[in-house]
Structure formats: C-alpha cells, structure tokens
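For reference, data_21.pdb (PDB, C-alpha atoms):
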MODEL        1
ATOM      1  CA  MET C   1     -41.084 -77.414-123.424
ATOM      2  CA  TYR C   2     -43.736 -74.719-123.434
ATOM      3  CA  PRO C   3     -46.569 -74.265-122.778
ATOM      4  CA  VAL C   4     -47.841 -76.606-120.046
ATOM      5  CA  LYS C   5     -50.407 -78.865-121.664
ATOM      6  CA  ASN C   6     -54.028 -77.758-121.273
ATOM      7  CA  ALA C   7     -52.993 -74.813-119.080
ATOM      8  CA  GLN C   8     -55.842 -72.441-118.295
ATOM      9  CA  GLU C   9     -54.319 -69.752-116.089
ATOM     10  CA  ILE C  10     -50.571 -69.917-116.707
ATOM     11  CA  GLN C  11     -48.812 -69.252-119.989
ATOM     12  CA  SER C  12     -45.143 -70.075-120.453
ATOM     13  CA  GLU C  13     -42.990 -68.764-123.245
ATOM     14  CA  ASP C  14     -39.434 -69.216-124.470
ATOM     15  CA  LYS C  15     -37.986 -65.831-125.295
ATOM     16  CA  ARG C  16     -34.878 -64.997-127.283
ATOM     17  CA  ASN C  17     -31.535 -65.277-125.535
ATOM     18  CA  CYS C  18     -32.461 -68.154-123.216
ATOM     19  CA  ILE C  19     -35.049 -66.191-121.235
ATOM     20  CA  ALA C  20     -38.223 -67.979-120.126
ATOM     21  CA  GLU C  21     -41.373 -66.159-119.064
ATOM     22  CA  ILE C  22     -44.179 -67.273-116.781
ATOM     23  CA  LEU C  23     -47.341 -65.268-117.393
ATOM     24  CA  MET C  24     -50.178 -65.368-114.862
ATOM     25  CA  ASN C  25     -53.504 -65.028-116.660
ATOM     26  CA  ARG C  26     -56.513 -65.224-114.371
ATOM     27  CA  PRO C  27     -58.257 -61.918-115.114
ATOM     28  CA  HIS C  28     -61.599 -62.653-113.451
ATOM     29  CA  ALA C  29     -59.849 -63.147-110.091
ATOM     30  CA  LYS C  30     -56.933 -60.698-110.461
ATOM     31  CA  ASN C  31     -54.468 -63.578-110.645
ATOM     32  CA  SER C  32     -55.369 -64.700-107.138
ATOM     33  CA  LEU C  33     -53.728 -67.950-106.150
ATOM     34  CA  GLY C  34     -56.406 -70.582-106.587
ATOM     35  CA  LYS C  35     -56.030 -74.328-106.954
ATOM     36  CA  VAL C  36     -55.768 -74.336-110.751
ATOM     37  CA  LEU C  37     -53.234 -71.518-110.974
ATOM     38  CA  VAL C  38     -51.110 -73.061-108.208
ATOM     39  CA  ASP C  39     -51.178 -76.496-109.856
ATOM     40  CA  GLU C  40     -50.127 -75.004-113.174
ATOM     41  CA  LEU C  41     -47.318 -73.047-111.543
ATOM     42  CA  TYR C  42     -46.047 -76.302-110.028
ATOM     43  CA  GLU C  43     -46.073 -77.959-113.467
ATOM     44  CA  THR C  44     -44.239 -75.019-115.005
ATOM     45  CA  LEU C  45     -41.535 -75.086-112.335
ATOM     46  CA  ASP C  46     -41.045 -78.818-112.894
ATOM     47  CA  LEU C  47     -40.336 -78.135-116.562
ATOM     48  CA  LEU C  48     -38.065 -75.169-115.966
ATOM     49  CA  ARG C  49     -35.966 -76.796-113.251
ATOM     50  CA  PHE C  50     -34.285 -79.183-115.664
ATOM     51  CA  ASP C  51     -34.144 -77.007-118.773
ATOM     52  CA  GLU C  52     -30.464 -76.242-119.361
ATOM     53  CA  ASN C  53     -31.296 -73.796-122.138
ATOM     54  CA  VAL C  54     -32.996 -71.368-119.757
ATOM     55  CA  ARG C  55     -30.678 -68.912-118.033
ATOM     56  CA  VAL C  56     -33.187 -66.428-116.584
ATOM     57  CA  VAL C  57     -36.887 -66.690-115.683
ATOM     58  CA  ILE C  58     -39.233 -63.692-115.613
ATOM     59  CA  ILE C  59     -42.539 -63.982-113.755
ATOM     60  CA  LYS C  60     -45.139 -61.439-114.849
ATOM     61  CA  SER C  61     -48.852 -60.867-115.248
ATOM     62  CA  LYS C  62     -50.863 -60.854-118.427
ATOM     63  CA  VAL C  63     -53.656 -59.027-116.606
ATOM     64  CA  GLY C  64     -53.396 -55.243-116.707
ATOM     65  CA  GLY C  65     -52.928 -53.382-113.434
ATOM     66  CA  VAL C  66     -52.262 -56.408-111.277
ATOM     67  CA  PHE C  67     -49.352 -58.757-110.607
ATOM     68  CA  CYS C  68     -51.076 -61.103-108.167
ATOM     69  CA  ALA C  69     -53.808 -60.261-105.652
ATOM     70  CA  GLY C  70     -52.808 -63.020-103.223
ATOM     71  CA  ALA C  71     -54.604 -66.178-102.151
ATOM     72  CA  ASP C  72     -58.077 -66.808-103.514
ATOM     73  CA  LEU C  73     -60.156 -66.114-100.413
ATOM     74  CA  LYS C  74     -63.393 -67.205-102.100
ATOM     75  CA  GLU C  75     -61.957 -70.662-102.667
ATOM     76  CA  ARG C  76     -60.509 -70.686 -99.193
ATOM     77  CA  ALA C  77     -63.896 -69.874 -97.607
ATOM     78  CA  LYS C  78     -65.248 -73.140 -99.035
ATOM     79  CA  MET C  79     -62.444 -75.252 -97.569
ATOM     80  CA  THR C  80     -62.477 -77.156 -94.314
ATOM     81  CA  ASP C  81     -59.775 -76.266 -91.787
ATOM     82  CA  ALA C  82     -57.752 -79.285 -92.885
ATOM     83  CA  GLU C  83     -58.107 -78.394 -96.557
ATOM     84  CA  ALA C  84     -57.130 -74.781 -95.893
ATOM     85  CA  ASP C  85     -54.047 -75.881 -93.948
ATOM     86  CA  HIS C  86     -53.034 -78.214 -96.780
ATOM     87  CA  PHE C  87     -53.515 -75.472 -99.370
ATOM     88  CA  VAL C  88     -51.404 -72.980 -97.416
ATOM     89  CA  GLN C  89     -48.682 -75.610 -97.158
ATOM     90  CA  ARG C  90     -48.845 -76.029-100.949
ATOM     91  CA  LEU C  91     -48.474 -72.265-101.342
ATOM     92  CA  ARG C  92     -45.459 -72.305 -99.027
ATOM     93  CA  SER C  93     -43.903 -75.159-100.987
ATOM     94  CA  LEU C  94     -44.627 -73.353-104.240
ATOM     95  CA  MET C  95     -42.699 -70.295-103.087
ATOM     96  CA  ASP C  96     -39.847 -72.549-101.968
ATOM     97  CA  GLY C  97     -39.879 -74.125-105.426
ATOM     98  CA  ILE C  98     -39.554 -70.721-107.091
ATOM     99  CA  ALA C  99     -36.691 -69.782-104.769
ATOM    100  CA  ALA C 100     -34.966 -73.112-105.481
ATOM    101  CA  LEU C 101     -34.864 -72.738-109.266
ATOM    102  CA  PRO C 102     -31.185 -72.954-110.248
ATOM    103  CA  MET C 103     -31.280 -69.947-112.569
ATOM    104  CA  PRO C 104     -32.001 -66.325-111.579
ATOM    105  CA  THR C 105     -35.658 -65.324-111.353
ATOM    106  CA  ILE C 106     -37.103 -61.832-111.773
ATOM    107  CA  ALA C 107     -40.572 -60.670-110.725
ATOM    108  CA  ALA C 108     -41.951 -57.924-112.994
ATOM    109  CA  ILE C 109     -44.510 -56.077-110.861
ATOM    110  CA  ASP C 110     -46.631 -53.789-113.042
ATOM    111  CA  GLY C 111     -49.590 -53.633-110.672
ATOM    112  CA  TYR C 112     -50.884 -54.850-107.333
ATOM    113  CA  ALA C 113     -48.788 -57.483-105.535
ATOM    114  CA  LEU C 114     -50.633 -58.163-102.297
ATOM    115  CA  GLY C 115     -50.447 -60.923 -99.690
ATOM    116  CA  GLY C 116     -49.447 -64.122-101.441
ATOM    117  CA  GLY C 117     -48.685 -62.094-104.558
ATOM    118  CA  LEU C 118     -45.912 -60.248-102.742
ATOM    119  CA  GLU C 119     -44.766 -63.507-101.181
ATOM    120  CA  LEU C 120     -44.435 -64.900-104.710
ATOM    121  CA  ALA C 121     -42.351 -61.877-105.719
ATOM    122  CA  LEU C 122     -40.211 -62.247-102.583
ATOM    123  CA  ALA C 123     -39.407 -65.819-103.617
ATOM    124  CA  CYS C 124     -37.756 -64.442-106.764
ATOM    125  CA  ASP C 125     -34.116 -63.379-106.766
ATOM    126  CA  LEU C 126     -34.809 -59.916-108.150
ATOM    127  CA  ARG C 127     -37.866 -57.668-108.252
ATOM    128  CA  VAL C 128     -38.660 -54.790-110.592
ATOM    129  CA  ALA C 129     -41.742 -52.634-110.011
ATOM    130  CA  ALA C 130     -43.562 -49.821-111.738
ATOM    131  CA  SER C 131     -43.521 -46.722-109.555
ATOM    132  CA  SER C 132     -47.316 -46.867-109.433
ATOM    133  CA  ALA C 133     -47.454 -50.539-108.365
ATOM    134  CA  LYS C 134     -48.832 -51.326-104.915
ATOM    135  CA  MET C 135     -47.266 -53.937-102.669
ATOM    136  CA  GLY C 136     -47.995 -55.207 -99.192
ATOM    137  CA  LEU C 137     -48.505 -58.167 -96.885
ATOM    138  CA  ILE C 138     -52.082 -57.185 -96.100
ATOM    139  CA  GLU C 139     -53.161 -60.383 -94.334
ATOM    140  CA  THR C 140     -53.561 -58.709 -90.927
ATOM    141  CA  THR C 141     -56.222 -56.430 -92.411
ATOM    142  CA  ARG C 142     -58.183 -59.577 -93.318
ATOM    143  CA  GLY C 143     -57.816 -61.388 -90.019
ATOM    144  CA  LEU C 144     -55.162 -63.640 -91.527
ATOM    145  CA  PHE C 145     -51.417 -64.260 -91.310
ATOM    146  CA  PRO C 146     -48.727 -64.253 -94.045
ATOM    147  CA  GLY C 147     -48.303 -68.012 -94.289
ATOM    148  CA  ALA C 148     -46.425 -68.525 -97.569
ATOM    149  CA  GLY C 149     -42.997 -67.311 -96.545
ATOM    150  CA  GLY C 150     -43.683 -63.617 -96.007
ATOM    151  CA  THR C 151     -42.650 -63.513 -92.350
ATOM    152  CA  GLN C 152     -39.299 -65.070 -93.278
ATOM    153  CA  ARG C 153     -38.384 -63.576 -96.642
ATOM    154  CA  LEU C 154     -39.526 -59.991 -96.019
ATOM    155  CA  PRO C 155     -37.217 -59.375 -92.997
ATOM    156  CA  ARG C 156     -34.330 -60.986 -94.868
ATOM    157  CA  CYS C 157     -35.008 -58.539 -97.682
ATOM    158  CA  ILE C 158     -35.655 -55.227 -95.884
ATOM    159  CA  GLY C 159     -34.645 -55.835 -92.270
ATOM    160  CA  ILE C 160     -36.571 -56.925 -89.196
ATOM    161  CA  GLY C 161     -37.900 -53.557 -88.069
ATOM    162  CA  ARG C 162     -39.317 -52.507 -91.429
ATOM    163  CA  ALA C 163     -40.754 -55.985 -92.044
ATOM    164  CA  LYS C 164     -42.545 -55.954 -88.695
ATOM    165  CA  GLU C 165     -44.011 -52.539 -89.432
ATOM    166  CA  LEU C 166     -45.366 -53.598 -92.807
ATOM    167  CA  ILE C 167     -46.762 -56.888 -91.506
ATOM    168  CA  PHE C 168     -48.248 -55.443 -88.305
ATOM    169  CA  THR C 169     -49.985 -52.595 -90.150
ATOM    170  CA  GLY C 170     -50.828 -54.433 -93.363
ATOM    171  CA  ARG C 171     -49.804 -51.237 -95.147
ATOM    172  CA  GLN C 172     -49.496 -51.002 -98.920
ATOM    173  CA  ILE C 173     -46.539 -49.140-100.416
ATOM    174  CA  ASP C 174     -45.829 -47.985-103.964
ATOM    175  CA  GLY C 175     -42.872 -48.788-106.166
ATOM    176  CA  HIS C 176     -40.861 -45.738-105.160
ATOM    177  CA  GLU C 177     -41.057 -46.532-101.458
ATOM    178  CA  ALA C 178     -40.428 -50.210-102.138
ATOM    179  CA  SER C 179     -37.228 -49.245-103.942
ATOM    180  CA  SER C 180     -36.125 -46.907-101.158
ATOM    181  CA  ILE C 181     -36.322 -49.672 -98.532
ATOM    182  CA  GLY C 182     -34.801 -52.368-100.741
ATOM    183  CA  LEU C 183     -37.953 -54.376-101.358
ATOM    184  CA  VAL C 184     -37.454 -54.063-105.119
ATOM    185  CA  ASN C 185     -34.236 -53.649-107.071
ATOM    186  CA  HIS C 186     -35.633 -51.062-109.461
ATOM    187  CA  ALA C 187     -38.713 -48.821-109.637
ATOM    188  CA  VAL C 188     -39.548 -47.364-113.048
ATOM    189  CA  PRO C 189     -42.218 -44.909-114.243
ATOM    190  CA  GLN C 190     -45.172 -46.722-115.757
ATOM    191  CA  ASN C 191     -45.568 -46.415-119.539
ATOM    192  CA  GLU C 192     -48.663 -46.184-121.740
ATOM    193  CA  GLU C 193     -48.598 -49.927-122.400
ATOM    194  CA  GLY C 194     -48.587 -50.696-118.663
ATOM    195  CA  ASP C 195     -45.537 -52.958-118.876
ATOM    196  CA  ALA C 196     -42.662 -50.731-117.734
ATOM    197  CA  ALA C 197     -41.581 -53.157-115.008
ATOM    198  CA  TYR C 198     -41.572 -56.008-117.496
ATOM    199  CA  GLN C 199     -39.460 -54.042-119.965
ATOM    200  CA  LYS C 200     -36.923 -53.256-117.231
ATOM    201  CA  ALA C 201     -36.955 -56.892-116.082
ATOM    202  CA  LEU C 202     -36.330 -58.022-119.656
ATOM    203  CA  ALA C 203     -33.383 -55.631-120.006
ATOM    204  CA  LEU C 204     -31.980 -56.957-116.728
ATOM    205  CA  ALA C 205     -32.410 -60.550-117.885
ATOM    206  CA  GLU C 206     -30.646 -59.776-121.144
ATOM    207  CA  GLU C 207     -27.738 -58.365-119.133
ATOM    208  CA  ILE C 208     -27.481 -61.606-117.120
ATOM    209  CA  VAL C 209     -27.786 -64.051-120.030
ATOM    210  CA  PRO C 210     -24.278 -63.578-121.517
ATOM    211  CA  ARG C 211     -22.591 -64.289-118.183
ATOM    212  CA  ALA C 212     -21.083 -67.689-117.454
ATOM    213  CA  PRO C 213     -24.109 -69.829-116.527
ATOM    214  CA  ILE C 214     -22.385 -72.040-113.961
ATOM    215  CA  ALA C 215     -20.846 -68.999-112.275
ATOM    216  CA  VAL C 216     -24.269 -67.343-112.066
ATOM    217  CA  LYS C 217     -25.895 -70.483-110.677
ATOM    218  CA  MET C 218     -23.131 -70.990-108.146
ATOM    219  CA  GLY C 219     -23.334 -67.333-107.143
ATOM    220  CA  LYS C 220     -27.018 -67.785-106.420
ATOM    221  CA  GLN C 221     -26.355 -70.965-104.460
ATOM    222  CA  ALA C 222     -23.523 -69.441-102.439
ATOM    223  CA  ILE C 223     -25.570 -66.382-101.484
ATOM    224  CA  ASN C 224     -28.786 -68.242-100.698
ATOM    225  CA  ARG C 225     -27.100 -70.890 -98.578
ATOM    226  CA  GLY C 226     -24.347 -68.764 -97.111
ATOM    227  CA  ILE C 227     -26.738 -66.203 -95.666
ATOM    228  CA  GLU C 228     -28.304 -68.922 -93.499
ATOM    229  CA  VAL C 229     -25.119 -69.817 -91.598
ATOM    230  CA  ASP C 230     -22.173 -68.247 -89.774
ATOM    231  CA  ILE C 231     -19.577 -66.578 -91.977
ATOM    232  CA  ALA C 232     -16.961 -69.336 -91.569
ATOM    233  CA  SER C 233     -19.410 -71.960 -92.813
ATOM    234  CA  GLY C 234     -20.510 -69.556 -95.524
ATOM    235  CA  MET C 235     -16.906 -69.307 -96.676
ATOM    236  CA  ALA C 236     -16.789 -73.093 -96.992
ATOM    237  CA  ILE C 237     -19.898 -73.003 -99.154
ATOM    238  CA  GLU C 238     -18.374 -70.232-101.262
ATOM    239  CA  ARG C 239     -15.202 -72.284-101.684
ATOM    240  CA  MET C 240     -17.165 -75.227-103.055
ATOM    241  CA  CYS C 241     -19.130 -73.036-105.416
ATOM    242  CA  TYR C 242     -15.987 -71.244-106.574
ATOM    243  CA  ALA C 243     -14.274 -74.557-107.244
ATOM    244  CA  GLN C 244     -17.179 -75.643-109.410
ATOM    245  CA  GLY C 245     -16.794 -72.506-111.489
ATOM    246  CA  GLN C 246     -13.084 -73.245-111.904
ATOM    247  CA  LEU C 247     -13.791 -76.803-112.951
ATOM    248  CA  ALA C 248     -16.472 -75.715-115.385
ATOM    249  CA  SER C 249     -14.126 -73.296-117.157
ATOM    250  CA  GLY C 250     -11.088 -75.566-117.089
ATOM    251  CA  GLY C 251      -9.264 -72.811-115.204
ATOM    252  CA  ASN C 252      -9.650 -70.382-118.114
ATOM    253  CA  VAL C 253     -12.836 -68.348-118.016
ATOM    254  CA  GLU C 254     -12.049 -66.826-121.400
ATOM    255  CA  GLU C 255     -12.195 -70.139-123.209
ATOM    256  CA  THR C 256     -15.541 -71.211-124.668
ATOM    257  CA  VAL C 257     -15.894 -74.241-126.879
ATOM    258  CA  LEU C 258     -19.552 -75.227-127.101
ATOM    259  CA  HIS C 259     -22.808 -73.454-127.861
ATOM    260  CA  PHE C 260     -26.245 -73.475-126.339
ATOM    261  CA  PRO C 261     -29.162 -73.852-128.752
ATOM    262  CA  CYS C 262     -29.682 -70.108-128.146
ATOM    263  CA  GLN C 263     -26.193 -69.478-129.601
ATOM    264  CA  LYS C 264     -24.661 -68.404-126.267
ATOM    265  CA  ALA C 265     -21.310 -69.953-125.400
ATOM    266  CA  ARG C 266     -21.095 -72.839-122.970
ATOM    267  CA  TYR C 267     -17.995 -73.323-120.883
ATOM    268  CA  LYS C 268     -15.607 -76.253-121.221
ATOM    269  CA  SER C 269     -16.401 -79.329-119.131
ATOM    270  CA  GLU C 270     -19.659 -77.761-117.970
ATOM    271  CA  LEU C 271     -21.687 -80.975-118.204
ATOM    272  CA  LEU C 272     -19.093 -82.946-116.268
ATOM    273  CA  ALA C 273     -18.718 -80.188-113.717
ATOM    274  CA  GLU C 274     -22.432 -79.752-113.266
ATOM    275  CA  ASP C 275     -22.987 -83.473-112.696
ATOM    276  CA  PHE C 276     -20.018 -83.769-110.316
ATOM    277  CA  TRP C 277     -20.772 -80.692-108.252
ATOM    278  CA  SER C 278     -24.500 -81.293-108.187
ATOM    279  CA  CYS C 279     -23.680 -84.530-106.365
ATOM    280  CA  ILE C 280     -21.405 -82.708-103.907
ATOM    281  CA  LEU C 281     -23.860 -79.897-103.260
ATOM    282  CA  ASP C 282     -26.747 -82.319-102.990
ATOM    283  CA  LYS C 283     -24.885 -84.474-100.463
ATOM    284  CA  TYR C 284     -23.530 -81.705 -98.269
ATOM    285  CA  ILE C 285     -25.724 -78.675 -98.761
ATOM    286  CA  LEU C 286     -29.040 -78.956-100.591
ATOM    287  CA  LYS C 287     -30.640 -81.571 -98.355
ATOM    288  CA  CYS C 288     -30.089 -79.536 -95.201
ATOM    289  CA  THR C 289     -33.362 -78.974 -93.389
ATOM    290  CA  ASP C 290     -32.297 -76.092 -91.149
ATOM    291  CA  SER C 291     -29.456 -73.657 -90.590
ATOM    292  CA  SER C 292     -27.818 -75.689 -87.802
ATOM    293  CA  ASP C 293     -27.718 -78.756 -90.046
ATOM    294  CA  LEU C 294     -26.286 -76.616 -92.847
ATOM    295  CA  THR C 295     -23.597 -75.239 -90.526
ATOM    296  CA  GLN C 296     -22.605 -78.745 -89.440
ATOM    297  CA  ARG C 297     -22.341 -80.004 -93.002
ATOM    298  CA  ALA C 298     -20.358 -76.975 -94.105
ATOM    299  CA  ALA C 299     -18.003 -77.610 -91.190
ATOM    300  CA  LEU C 300     -17.428 -81.163 -92.448
ATOM    301  CA  ILE C 301     -16.184 -79.688 -95.706
ATOM    302  CA  ARG C 302     -14.247 -76.823 -94.116
ATOM    303  CA  GLU C 303     -12.347 -78.531 -91.298
ATOM    304  CA  PRO C 304      -9.974 -80.790 -93.272
ATOM    305  CA  TYR C 305      -8.832 -77.860 -95.420
ATOM    306  CA  GLU C 306      -8.513 -74.984 -92.952
ATOM    307  CA  ASP C 307      -4.725 -75.182 -93.244
ATOM    308  CA  LYS C 308      -4.110 -72.558 -95.899
ATOM    309  CA  LYS C 309      -0.970 -74.370 -97.009
ATOM    310  CA  SER C 310      -3.096 -77.217 -98.273
ATOM    311  CA  PRO C 311      -3.982 -77.024-101.963
ATOM    312  CA  ALA C 312      -7.645 -76.492-102.823
ATOM    313  CA  PRO C 313      -8.915 -80.084-102.759
ATOM    314  CA  PHE C 314     -11.700 -79.759-105.288
ATOM    315  CA  VAL C 315      -9.628 -78.012-107.934
ATOM    316  CA  GLN C 316      -7.343 -81.063-107.983
ATOM    317  CA  THR C 317     -10.176 -83.092-109.507
ATOM    318  CA  THR C 318      -9.705 -81.255-112.809
ATOM    319  CA  GLY C 319      -6.568 -83.284-113.426
TER     320      GLY C 319
ENDMDL
END
File written out as structure tokens:
Amino acid sequence: MYPVKNAQEIQSEDKRNCIAEILMNRPHAKNSLGKVLVDELYETLDLLRFDENVRVVIIKSKVGGVFCAGADLKERAKMTDAEADHFVQRLRSLMDGIAALPMPTIAAIDGYALGGGLELALACDLRVAASSAKMGLIETTRGLFPGAGGTQRLPRCIGIGRAKELIFTGRQIDGHEASSIGLVNHAVPQNEEGDAAYQKALALAEEIVPRAPIAVKMGKQAINRGIEVDIASGMAIERMCYAQGQLASGGNVEETVLHFPCQKARYKSELLAEDFWSCILDKYILKCTDSSDLTQRAALIREPYEDKKSPAPFVQTTG
C-alpha cells in the first residue's frame, strides 16, 4: 500500500503491529499546507480508509522542531479570491477526511502546530505533544480566520470559553498548558532525539492495537456521532454500535478464530458483521448532513424498540 506513488512531501509507512504512519516532510516550508502536500494527504487517506490491516494511524512530522506551520500563505497570496476559497474548502474537507477514518488516529506534536497545523491535529482522535511544543490558532494575528474546522473542533475539545479566548487572542500555548486544558491527551518532556511525542504516541498506539478492532471502530463511531445529538438519540446510536460488536464476536468476545496479516486475532464473523453494519450505519447515520438530520434518523431506529421488553432487534440477526 505504501508509499503513495511519486510522493514528494508525504511519506507513509507500515509499522509493526498494524500501525500506519503519515510523515509530513516539507522542510523548506515547515510543513505548511500547500497544494502538493494537501493532494498527497488526500491520496494517503484514500489508501488508508480501506486498509483492514491498519488499526491505528499516527500523523507526525519528519521535520525537526515543527509539526505543521499551517496553511502556505505564500501560495495563498498568489491565488485569486475564488481559488483561495476553493483551497480553504479543500483544507476543510481534508480535516473531515482525517476525522472520518474508521480507525483511531493520533497526532504526534513534537514542535510547532499553528493555524491549520493545529486544525489537522484537532481532526485526530488523540493528540500527544512534547512539553516544549507550541500550539495555537493564530489566524487572527494574520488578519485571517480559522477556516479548516478550528472554530468547531476546538470548542468541542476544550470548551467554548477557552476556545474563544485562544481564537480571539491568537495566543500560542506550550504542551504543558495544552495538557492542562485538555487540548492534548499527554504532554511529555522532549528528548535529545526530538521525538518524545512520537514515542509516546507509538506506545499509545501499541496499547490500542490488541483490542478488538470492531469494538474500537464502533466506539469511535458512537462517540463521534453521539456527541452531535441529544442523549436519547445518542443511546440509539450506541445500541447499534454495541450490536455490531456483539455480532462480530458471535456473542463471545473471548473467542478468536482468524488472524490478521500482522498476527493479531480477528473476531469471528467480523467480515460479515462489518459488511452488514456498514450498510446500516451508512443508511441511517453516516450520510447525515447535520445534527437535526442525525437526530431524526436515530429516532427512526430508536422508536420501534423503546419498549424494554422487546428483544434487541439487531442481535437477532446473528441467528
């Protein structure tokens, strides 16, 4: 699968234990998000999305002292208004694509993550930073606006008040402060090699890999979708995701009968379950365009089965 053919600024690697890594490598521009890097990230995501052997993705930098410096403002200065608007929309869609990967994603922040670079990290499920790393949505200090998801993902991550303060001021914070407000999951002292965040991210990924892959994927789906709706609709989404996990394990989570190429166990009926439930989730959940639509679709699933005396309808499909 790896690397993307003729890639110039993105390197992709298969690591041991079903861990994939995306390495940003644009040293002359501090990994700023230019057209080439963005295009190559899109190609990489397209490959990862359908790779069943990958259980965790780590996004990191190959350039010392920097994760991603944000959008390439030099390229942007040469664009017409229409071109700039189109490019920002591509950035927004790119972040959505990262967030939509079925497996967990971890951003390893060993240096500056500013503007679009922090928005990229926010699109990941988990973030690990070196204590010396600097992070911020600095667009307001440049006469710009966080247009690639920052105004939506940051408040969901750290709360509305703190998000407004960071966006209004354009302030940069270090790894310790980022950890204290919940922006990153872990902050670690930087090491001599300059890859402390990556090493912690790798250890975290290795902790996730042995877990039941369908359960992990469904956990991600239930959290991501459930947080967008009222709790009753969220419970309906959780019920669907839970039922998929039951179907995948044949009702016995201890039983494993097949092996991934990476030698990690695969749960009974997983292929059948994944195909079946992907159809259900796609029909009722994944194509929702906004939270009200999601609530309505969840209600369609929830209403016929609100009587607790009724057996769980989806579990019956296991026969």
Report task. Would you mind listing what lies within 9 Å of Ile10 of chain C as a PyMOL selection string, with all atoms listed in the file counted and same-chain residues fewer than 4 positions away left out? Result -> chain C and resi 3-4+22-26+37+40-41+44
Given all atoms listed in the file, how would the per-residue table for segment 121-181 of chain C near segment 68-85 of chain C read, listing every residue at most 10 Å away with its closest atom pair and distance in Å to one decimal, sorted by chain and number, as JSON lines?
{"residue": "C:Ala121", "atom": "CA", "partner": "C:Cys68", "partner_atom": "CA", "distance": 9.1}
{"residue": "C:Met135", "atom": "CA", "partner": "C:Ala69", "partner_atom": "CA", "distance": 9.6}
{"residue": "C:Leu137", "atom": "CA", "partner": "C:Gly70", "partner_atom": "CA", "distance": 9.1}
{"residue": "C:Ile138", "atom": "CA", "partner": "C:Gly70", "partner_atom": "CA", "distance": 9.2}
{"residue": "C:Glu139", "atom": "CA", "partner": "C:Gly70", "partner_atom": "CA", "distance": 9.3}
{"residue": "C:Arg142", "atom": "CA", "partner": "C:Leu73", "partner_atom": "CA", "distance": 9.8}
{"residue": "C:Gly147", "atom": "CA", "partner": "C:Asp85", "partner_atom": "CA", "distance": 9.7}
{"residue": "C:Ala148", "atom": "CA", "partner": "C:Ala71", "partner_atom": "CA", "distance": 9.7}
**Report entry** Nearest to Thr105 of chain C by atom-to-atom distance, counting all atoms listed in the file, from C:Ile208, C:Ala129, C:Leu154, C:Ala222
**Finding:**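 The closest residue to Thr105 of chain C is C:Ile208.
Residues matched by the PyMOL selection byres ((chain C and resi 89-94) around 8) in this file are Val38, Leu41, Tyr42, Asp85, His86, Phe87, Val88, Met95, Asp96, Gly97, Ile98, Gly147, Ala148 and Gly149 of chain C.
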Requested in this report: Quick one: everything within 8 Å of segment 223-226 of chain C, counting only C-alpha atoms, minus sequence neighbours fewer than 4 positions away in the same chain. Send it as a list in words.
Outcome: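 Residues near the query, excluding close chain neighbours: Gly219, Asp230, Ile231, Ser233, Gly234, Met235, Ile237, Glu238 and Ile285 of chain C.
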Requested in this report: May I ask for the distance between atom CA of Asp39 of chain C and atom CA of Leu120 of chain C, given in Å to one decimal place?
Outcome: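 So the two atoms, atom CA of Asp39 of chain C and atom CA of Leu120 of chain C, lie 14.4 Å apart.
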Draw an axis-aligned box tight on the listed atoms of segment 127-131 of chain C, then pad every side by 5 Å and write out centre and edge lengths in Å to one decimal as JSON.
{"center_x": -40.7, "center_y": -52.2, "center_z": -110.0, "size_x": 15.7, "size_y": 20.9, "size_z": 13.5}
